[in-house]
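Worksheet for the structure shown next.
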Amino acid sequence: VPKFEQAIGEAYRVLKPGGKFLCLEFSEVNVPIFEKFYEQWCMQVIPRIGKAITGDRDSYQYLVESIQKFPNQQKFAEAIKAQGFGKVTWRDFNGGAVALHSAWKI
């Protein structure tokens with residue numbers, strides 16, 4: 001989603017009061033040893049696997065680049081709060097490579 005703030009706002013609009021927003025997204029790795037491995041994996045391996053399976057390296061290169069541009073956990077949580085949600089939290093998985101954000105429409 002290129003305009004994630006707009007997407008969060010739309011989620012807020014369509015949820016009923018008391019509705020829960022969940023977003024599972026690639027995020028910022030917070031384990032230093034894993035961080036270098038993960039970066040190498042993303043930049044070197046994912047596009048190659050994409051090309052081998054689908055014949056389309058460019059789409060998988062774009063995926064990796066979009067992951068790198070996505071805000072970290074704290075900034076994404078702030079964007080969710082800015083759209084009006086409350087009780088905003090997140091849980092990291094795989095050293096922060098993936099984060100599950102949750103919030104409630106109050």
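By convention in this document, the chains of the structure tokens carry letters A, B, ... by their order, each chain's residues are numbered from 1, and ligands are numbered from 1 in the order they are shown.
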
| request: List every residue of stretch 18-71 of chain A that DSSP, applied to the backbone, labels as strand (DSSP E or B), and write the result as a ChimeraX atom specification. | output: /A:20-26

| task | Please identify all polymer residues within 9 Å of stretch 37-43 of chain A, counting only C-alpha atoms, omitting same-chain residues fewer than 6 positions from it, and present them as a count of residues only. | result | 5

| request: Using only C-alpha atoms, find the one residue out of A:Asp92, A:Glu10, A:Glu28, A:Glu35 that sits nearest to A:Gln68. | output: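 For A:Gln68, the nearest of the candidates is A:Glu28.
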
| query | Could you name the residues that touch stretch 17-21 of chain A at 12 Å or less, counting only C-alpha atoms, but leaving out those on the same chain fewer than 5 positions away, as a PyMOL selection string? | reply | chain A and resi 7-12+77+80-81+83-90+100-106

| field | Residues flagged helix (DSSP H, G or I) by DSSP in stretch 64-106 of chain A, as a PyMOL selection string | value | chain A and resi 64-69+73-82+94-96

Selection from above, N, CA and C atoms, as a short mmCIF file (atom, residue, chain, number, x, y, z; two decimals), in the first residue's frame, can you write it?
data_model
loop_
_atom_site.label_atom_id
_atom_site.label_comp_id
_atom_site.auth_asym_id
_atom_site.auth_seq_id
_atom_site.Cartn_x
_atom_site.Cartn_y
_atom_site.Cartn_z
N VAL A 64 11.32 -6.13 -1.73
CA VAL A 64 12.38 -5.93 -0.76
C VAL A 64 12.59 -4.44 -0.50
N GLU A 65 12.61 -3.65 -1.55
CA GLU A 65 12.81 -2.21 -1.39
C GLU A 65 11.64 -1.56 -0.65
N SER A 66 10.43 -2.03 -0.89
CA SER A 66 9.28 -1.45 -0.19
C SER A 66 9.30 -1.83 1.30
N ILE A 67 9.80 -3.01 1.62
CA ILE A 67 9.94 -3.41 3.02
C ILE A 67 10.91 -2.47 3.72
N GLN A 68 12.01 -2.14 3.06
CA GLN A 68 13.01 -1.26 3.65
C GLN A 68 12.49 0.15 3.87
N LYS A 69 11.58 0.61 3.03
CA LYS A 69 11.03 1.96 3.14
C LYS A 69 9.90 2.06 4.16
N GLN A 73 8.46 -0.17 13.70
CA GLN A 73 7.32 -0.48 14.55
C GLN A 73 6.77 0.76 15.27
N GLN A 74 7.66 1.55 15.87
CA GLN A 74 7.24 2.73 16.62
C GLN A 74 6.57 3.76 15.71
N LYS A 75 7.17 4.02 14.57
CA LYS A 75 6.60 5.02 13.64
C LYS A 75 5.26 4.56 13.08
N PHE A 76 5.15 3.26 12.80
CA PHE A 76 3.88 2.75 12.30
C PHE A 76 2.80 2.85 13.38
N ALA A 77 3.16 2.55 14.62
CA ALA A 77 2.21 2.69 15.74
C ALA A 77 1.76 4.14 15.87
N GLU A 78 2.67 5.08 15.71
CA GLU A 78 2.31 6.50 15.78
C GLU A 78 1.36 6.88 14.65
N ALA A 79 1.57 6.31 13.46
CA ALA A 79 0.68 6.58 12.33
C ALA A 79 -0.72 6.04 12.61
N ILE A 80 -0.79 4.89 13.25
CA ILE A 80 -2.09 4.30 13.61
C ILE A 80 -2.80 5.21 14.62
N LYS A 81 -2.09 5.65 15.63
CA LYS A 81 -2.67 6.57 16.63
C LYS A 81 -3.13 7.86 15.98
N ALA A 82 -2.36 8.36 15.03
CA ALA A 82 -2.70 9.63 14.37
C ALA A 82 -4.01 9.54 13.61
N ASN A 94 10.17 -13.11 14.92
CA ASN A 94 11.43 -13.33 14.18
C ASN A 94 12.40 -12.17 14.32
N GLY A 95 12.63 -11.74 15.55
CA GLY A 95 13.59 -10.68 15.81
C GLY A 95 13.15 -9.32 15.30
N GLY A 96 11.87 -9.16 15.08
CA GLY A 96 11.35 -7.89 14.57
C GLY A 96 11.18 -7.86 13.06
#

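Contact shell of A:Pro47 at 10 Å (only C-alpha atoms; same-chain neighbours under 6 positions omitted): Trp41, Ile53, Gly55, Asp56, Arg57, Asp58, Ser59, Tyr60, Gln61, Tyr62, Leu63 and Val64 of chain A.
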
| message | Using only C-alpha atoms, can you tell me which of A:Phe4, A:Ala52, A:Asn72, A:Phe93 comes closest to A:Ser27? | response |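 Closest to A:Ser27 of all the choices is A:Asn72.
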
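Note that atom CA of A:Lys3 and atom CA of A:Phe70 are 10.5 Å apart.
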